[in-house]
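For reference, input-v3.txt (compact mmCIF, C-alpha atoms):
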# COMPACT_ATOMS: atom_id res chain seq x y z
CA MET A 1 100.97 127.62 198.70
CA SER A 2 99.70 124.60 196.86
CA ASN A 3 98.33 126.87 194.13
CA ARG A 4 101.74 128.47 193.64
CA ARG A 5 103.40 125.08 193.25
CA SER A 6 100.70 123.96 190.83
CA ASN A 7 101.14 127.08 188.68
CA THR A 8 104.92 126.72 188.74
CA ALA A 9 104.74 123.07 187.63
CA LYS A 10 102.29 123.96 184.91
CA ALA A 11 104.50 126.79 183.66
CA GLY A 12 107.49 124.40 183.64
CA LYS A 13 105.63 121.88 181.54
CA GLU A 14 104.55 124.57 179.05
CA SER A 15 108.12 125.86 178.80
CA LYS A 16 109.45 122.34 178.18
CA SER A 17 106.73 121.71 175.59
CA ASN A 18 107.55 124.97 173.82
CA GLY A 19 111.22 124.02 173.86
CA ASP A 20 110.48 120.62 172.29
CA VAL A 21 108.40 122.29 169.57
CA ALA A 22 111.18 124.76 168.89
CA GLN A 23 113.69 121.93 168.60
CA GLN A 24 111.40 120.03 166.23
CA LEU A 25 110.92 123.16 164.12
CA GLU A 26 114.67 123.67 163.97
CA ALA A 27 115.16 120.03 162.92
CA ILE A 28 112.49 120.34 160.24
CA SER A 29 114.00 123.63 159.05
CA ALA A 30 117.42 121.98 158.82
CA LYS A 31 115.99 119.07 156.83
CA LEU A 32 114.19 121.46 154.47
CA SER A 33 117.39 123.41 154.00
CA LYS A 34 119.23 120.18 153.25
CA LEU A 35 116.53 119.18 150.77
CA ASP A 36 116.86 122.57 149.06
CA GLU A 37 120.60 122.01 148.75
CA LEU A 38 120.07 118.52 147.33
CA GLU A 39 117.45 119.82 144.91
CA LYS A 40 119.86 122.53 143.70
CA LEU A 41 122.63 119.95 143.36
CA ASN A 42 120.25 117.70 141.42
CA ARG A 43 119.36 120.57 139.06
CA ASP A 44 123.06 121.33 138.53
CA LEU A 45 123.82 117.67 137.82
CA LEU A 46 120.87 117.44 135.44
CA GLY A 47 122.12 120.51 133.58
CA GLN A 48 125.60 119.03 133.32
CA LEU A 49 124.17 115.71 132.09
CA LEU A 50 122.14 117.52 129.41
CA LYS A 51 125.25 119.42 128.29
CA LEU A 52 127.21 116.18 128.23
CA SER A 53 124.43 114.44 126.28
CA HIS A 54 124.39 117.26 123.71
CA ARG A 55 128.17 117.08 123.40
CA VAL A 56 128.06 113.31 122.92
CA THR A 57 125.47 113.83 120.16
CA GLU A 58 127.67 116.47 118.53
CA VAL A 59 130.74 114.23 118.70
CA THR A 60 128.77 111.31 117.25
CA VAL A 61 127.64 113.46 114.31
CA GLU A 62 131.17 114.82 113.80
CA ASN A 63 132.60 111.31 113.92
CA ARG A 64 130.06 110.07 111.36
CA LEU A 65 130.83 112.96 108.99
CA LEU A 66 134.57 112.38 109.41
CA ARG A 67 134.18 108.69 108.57
CA GLN A 68 132.18 109.60 105.47
CA GLU A 69 134.85 112.08 104.42
CA ILE A 70 137.62 109.50 104.87
CA GLU A 71 135.67 106.93 102.84
CA ASP A 72 135.02 109.50 100.11
CA LEU A 73 138.76 110.23 99.93
CA LYS A 74 139.50 106.52 99.61
CA GLN A 75 136.93 106.21 96.84
CA GLU A 76 138.34 109.26 95.06
CA ARG A 77 141.56 107.32 94.49
CA LEU A 78 139.54 104.72 92.55
CA GLN A 79 137.37 107.12 90.55
CA GLU A 80 139.05 106.34 87.19
CA GLU A 81 138.80 102.56 87.66
CA VAL A 82 136.37 99.89 86.49
CA LEU A 83 136.18 96.22 87.46
CA ILE A 84 135.17 93.44 85.08
CA LYS A 85 134.33 90.27 87.02
CA GLY A 86 132.25 87.11 87.02
CA PHE A 87 134.84 84.55 85.88
CA LYS A 88 138.19 83.02 86.80
CA LEU A 89 141.21 84.15 84.79
CA GLN A 90 142.88 81.32 82.90
CA GLY A 91 146.30 82.64 81.98
CA PRO A 92 148.83 85.49 82.29
CA GLU A 93 147.32 87.49 79.39
CA HIS A 94 143.71 86.45 79.83
CA HIS A 95 142.80 89.79 81.46
CA GLN A 96 143.86 91.63 78.29
CA GLU A 97 141.84 89.26 76.11
CA VAL A 98 138.75 89.74 78.28
CA PHE A 99 139.02 93.53 78.16
CA HIS A 100 139.43 93.64 74.38
CA LYS A 101 136.47 91.27 73.97
CA VAL A 102 134.32 93.51 76.16
CA CYS A 103 135.27 96.47 73.97
CA GLU A 104 134.16 94.50 70.90
CA VAL A 105 130.82 93.59 72.48
CA ILE A 106 129.96 97.19 73.46
CA GLY A 107 131.42 98.60 70.25
CA ALA A 108 133.96 100.87 71.88
CA ASP A 109 137.56 101.60 70.89
CA VAL A 110 139.00 102.98 74.11
CA ALA A 111 142.65 101.90 73.88
CA GLU A 112 143.91 105.49 73.87
CA ASN A 113 141.86 106.34 76.97
CA VAL A 114 143.13 103.44 79.08
CA LYS A 115 146.09 103.91 81.39
CA GLU A 116 146.31 100.35 82.73
CA VAL A 117 144.69 96.93 82.49
CA ARG A 118 145.74 94.40 85.09
CA PRO A 119 144.42 91.21 86.70
CA LEU A 120 143.11 90.89 90.25
CA ILE A 121 143.36 87.31 91.47
CA PHE A 122 141.03 86.35 94.33
CA LYS A 123 142.45 83.06 95.61
CA GLN A 124 139.73 82.65 98.25
CA ASN A 125 136.93 83.12 95.72
CA ARG A 126 136.16 80.07 93.56
CA LYS A 127 133.75 81.92 91.28
CA THR A 128 135.50 85.06 90.18
CA ASP A 129 138.67 87.04 89.70
CA ALA A 130 138.58 90.52 88.18
CA VAL A 131 140.08 92.68 85.49
CA LEU A 132 140.93 96.18 86.69
CA VAL A 133 140.77 98.87 84.00
CA LYS A 134 142.18 102.28 84.91
CA PHE A 135 141.32 105.18 82.58
CA TRP A 136 143.26 108.41 82.19
CA ARG A 137 140.20 110.53 82.97
CA VAL A 138 136.98 110.04 84.92
CA GLY A 139 135.02 111.16 81.88
CA ASP A 140 136.55 108.35 79.81
CA LYS A 141 135.45 105.84 82.43
CA HIS A 142 131.91 107.22 82.45
CA GLN A 143 131.72 106.93 78.67
CA PHE A 144 132.84 103.32 78.89
CA ILE A 145 130.19 102.55 81.53
CA GLN A 146 127.54 104.28 79.42
CA ARG A 147 128.42 102.10 76.42
CA VAL A 148 127.97 99.03 78.61
CA ARG A 149 124.57 100.26 79.81
CA ALA A 150 123.54 101.14 76.26
CA LEU A 151 123.44 97.39 75.49
CA LYS A 152 120.32 97.23 77.69
CA ARG A 153 121.12 93.62 78.50
CA PRO A 154 123.67 91.87 80.69
CA ILE A 155 126.93 90.63 79.20
CA THR A 156 127.32 86.85 79.52
CA PRO A 157 130.46 84.70 79.63
CA GLY A 158 129.42 83.37 76.22
CA ASP A 159 129.68 86.89 74.78
CA LEU A 160 133.35 86.87 75.77
CA ASN A 161 134.04 83.24 74.81
CA ILE A 162 134.93 82.28 78.37
CA LYS A 163 133.67 79.63 80.77
CA SER A 164 132.26 80.65 84.11
CA MET A 165 130.15 79.41 87.01
CA ASN A 166 128.29 82.73 86.84
CA LYS A 167 125.49 83.62 84.44
CA PHE A 168 126.65 87.17 83.85
CA VAL A 169 129.81 89.24 83.62
CA LEU A 170 129.66 92.36 85.79
CA ILE A 171 131.20 95.65 84.72
CA GLN A 172 131.06 98.25 87.43
CA ASP A 173 132.86 101.05 89.24
CA HIS A 174 135.75 99.95 91.44
CA LEU A 175 134.45 100.56 94.96
CA THR A 176 136.08 100.48 98.37
CA PRO A 177 134.85 97.60 100.54
CA GLU A 178 132.68 99.97 102.61
CA LYS A 179 131.18 101.67 99.53
CA GLN A 180 130.49 98.23 98.08
CA ARG A 181 128.77 97.14 101.30
CA VAL A 182 126.56 100.25 101.42
CA HIS A 183 125.64 99.82 97.75
CA ARG A 184 124.73 96.14 98.30
CA LEU A 185 122.62 96.95 101.36
CA THR A 186 120.82 99.68 99.41
CA TRP A 187 120.09 97.25 96.57
CA GLU A 188 118.50 94.87 99.08
CA LEU A 189 115.94 97.56 99.93
CA CYS A 190 114.47 97.11 96.45
CA LYS A 191 112.61 94.17 98.00
CA LEU A 192 110.72 96.74 100.10
CA GLY A 193 109.79 98.87 97.09
CA LEU A 194 112.84 101.12 96.70
CA GLN A 195 113.65 102.08 93.11
CA LYS A 196 116.96 100.77 91.79
CA PRO A 197 119.93 102.69 93.20
CA TRP A 198 122.81 103.92 91.08
CA PHE A 199 126.43 104.83 91.70
CA TYR A 200 127.53 108.34 90.77
CA LYS A 201 130.63 110.37 91.67
CA GLY A 202 131.79 108.04 94.40
CA SER A 203 128.47 107.44 96.16
CA THR A 204 125.28 105.43 95.99
CA TRP A 205 122.18 107.44 95.05
CA VAL A 206 118.48 106.62 95.23
CA THR A 207 115.13 108.25 94.56
CA HIS A 208 113.60 109.22 97.90
CA PRO A 209 110.41 107.16 98.47
CA GLU A 210 108.39 110.21 99.59
CA THR A 211 109.87 113.34 98.02
CA GLN A 212 110.99 111.60 94.79
CA LYS A 213 114.18 113.67 94.97
CA ARG A 214 117.69 112.31 94.53
CA LEU A 215 119.20 111.20 97.82
CA ARG A 216 122.83 110.30 98.55
CA VAL A 217 123.27 107.16 100.64
CA ALA A 218 126.52 107.94 102.44
CA ASP A 219 126.68 105.15 105.02
CA SER A 220 124.83 102.28 106.67
CA LYS A 221 122.91 104.68 108.94
CA ASP A 222 121.36 106.21 105.82
CA VAL A 223 120.41 102.68 104.74
CA ASP A 224 118.76 102.04 108.12
CA GLU A 225 116.77 105.28 107.85
CA LEU A 226 115.62 104.35 104.34
CA GLN A 227 114.60 100.90 105.52
CA PHE A 228 112.57 102.38 108.40
CA LEU A 229 110.85 104.77 106.00
CA LEU A 230 110.01 101.99 103.52
CA VAL A 231 108.70 99.64 106.22
CA THR A 232 106.60 102.41 107.77
CA GLN A 233 105.30 103.46 104.36
CA GLY A 234 104.42 99.85 103.57
CA LYS A 235 102.42 99.50 106.79
CA VAL A 236 100.56 102.74 106.08
CA ASN A 237 99.68 101.58 102.57
CA THR A 238 98.56 98.17 103.87
CA ASN A 239 96.32 99.73 106.53
CA SER A 240 94.92 102.15 103.94
CA ASN A 241 94.01 99.27 101.62
CA LEU A 242 92.35 97.37 104.48
CA ASP A 243 90.30 100.45 105.38
CA ASN A 244 89.08 100.77 101.79
CA GLN A 245 87.90 97.16 101.62
Would you mind writing the structure in this file as structure tokens?
Amino acid sequence: MSNRRSNTAKAGKESKSNGDVAQQLEAISAKLSKLDELEKLNRDLLGQLLKLSHRVTEVTVENRLLRQEIEDLKQERLQEEVLIKGFKLQGPEHHQEVFHKVCEVIGADVAENVKEVRPLIFKQNRKTDAVLVKFWRVGDKHQFIQRVRALKRPITPGDLNIKSMNKFVLIQDHLTPEKQRVHRLTWELCKLGLQKPWFYKGSTWVTHPETQKRLRVADSKDVDELQFLLVTQGKVNTNSNLDNQ
């Protein structure tokens, strides 16, 4: 009798133990299933984030190109114009006198090619106003600029019989503020070894430091990339020189 009771109690304990194990296995299985669901959700979210990241990159590129296009259109409206600056205008007809004197200095008779000559007064600038010269054709403007460059020396206020706080009189393409900023920033890279940039057909151009090919500098991001290249190239050259010593 006692043996039967002992066997029954033992069987009851084994059954309870098996039940506990089964419950634990079910709980573990449920947790694993939940983890699988979370892992799948995580993969889906990661895929969506990658798609969103790619789209953001695409939109950023599209926005940059659109900004460049808008700036090019603004510059296109100024493509026949030249600015002469580096002095303060002294009277109502002084801009005409300055322009005619410039023509004498460069040896050019361009009266028939000029559509308009008018003054630009910069009240907030103590050093310079400007004379805006608008040509009938872009080609006429380019010829005028080439005659200025053919002097192979800067024009001074003394050449034009005018007084100025500046050493030189500048004759250059009429640029939008953004084009002017990009051109100035590009010029500053000459300190890092960049060859002198030039302005052609509405944009700043340079000689690429590595490929030696012509490169259009469309915006400040292009300037940043050039600066990074020049700085990196300078470090490589410095390390190479140290290794040879």
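Across the model, the gap from atom CA of Lys167 of chain A to atom CA of Gln180 of chain A is 20.6 Å.
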Residue nearest Phe168 of chain A - candidates A:Leu41, A:Val56, A:Ile84, A:Ala218, atoms counted: all atoms listed in the file:
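Comparing A:Leu41, A:Val56, A:Ile84, A:Ala218 against Phe168 of chain A, the winner is A:Ile84.
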Under the rule that only C-alpha atoms are counted, which of A:Asp173, A:Ser29, A:Gln23, A:Phe87 is the nearest residue to Gly158 of chain A?
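Nearest candidate to Gly158 of chain A out of A:Asp173, A:Ser29, A:Gln23, A:Phe87: A:Phe87.
Atom CA of Arg184 of chain A sits 25.5 Å away from atom CA of Val117 of chain A.
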Counting all atoms listed in the file, which residues come within 8 Å of (126.5, 103.7, 95.0), with the point read in the file's coordinates, and could you list them as an NGL selection string?
:A and (179-180 or 182-183 or 197-200 or 202-205 or 217)
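Here atom CA of Lys127 of chain A and atom CA of Lys163 of chain A stand 10.8 Å from one another.
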With only C-alpha atoms as the basis for distance, which of A:Gln172, A:Ser33, A:Pro209, A:Asp224 is at the shortest distance from Lys196 of chain A?
A:Pro209
Could you work out an axis-aligned bounding box for all listed atoms of segment 71-86 of chain A, with 6 Å added on each of the six sides, and give its centre and edge lengths in Å to one decimal, as JSON?
{"center_x": 136.9, "center_y": 98.7, "center_z": 94.0, "size_x": 21.3, "size_y": 35.1, "size_z": 29.8}
Ala150 of chain A: which residues within 12 Å, counting all atoms listed in the file, same-chain residues fewer than 6 positions away excluded, as a list of chain:residue names?
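Non-adjacent residues within range: A:Val105, A:Ile106, A:Gly107, A:Ala108, A:Gln143, A:Phe144.
Nearest to Leu226 of chain A of all the residues A:Leu175, A:Met165, A:Leu192, A:Leu25 is A:Leu192, counting all atoms listed in the file.
Closest approach to Lys88 of chain A from the set A:Asp159, A:Lys213, A:Phe122, A:Asn63 is made by A:Phe122, with distances taken over all atoms listed in the file.
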Would you mind listing what lies within 12 Å of Leu229 of chain A as a PyMOL selection string, with all atoms listed in the file counted and same-chain residues fewer than 2 positions away left out?
chain A and resi 189+192-194+208-211+222-227+231-236
List the spatial neighbours of segment 96-99 of chain A as a ChimeraX atom specification - criterion: any atom at most 8 Å away, only C-alpha atoms, same-chain residues fewer than 2 positions off excluded.
/A:84,93-94,101-103,117-118,131,160
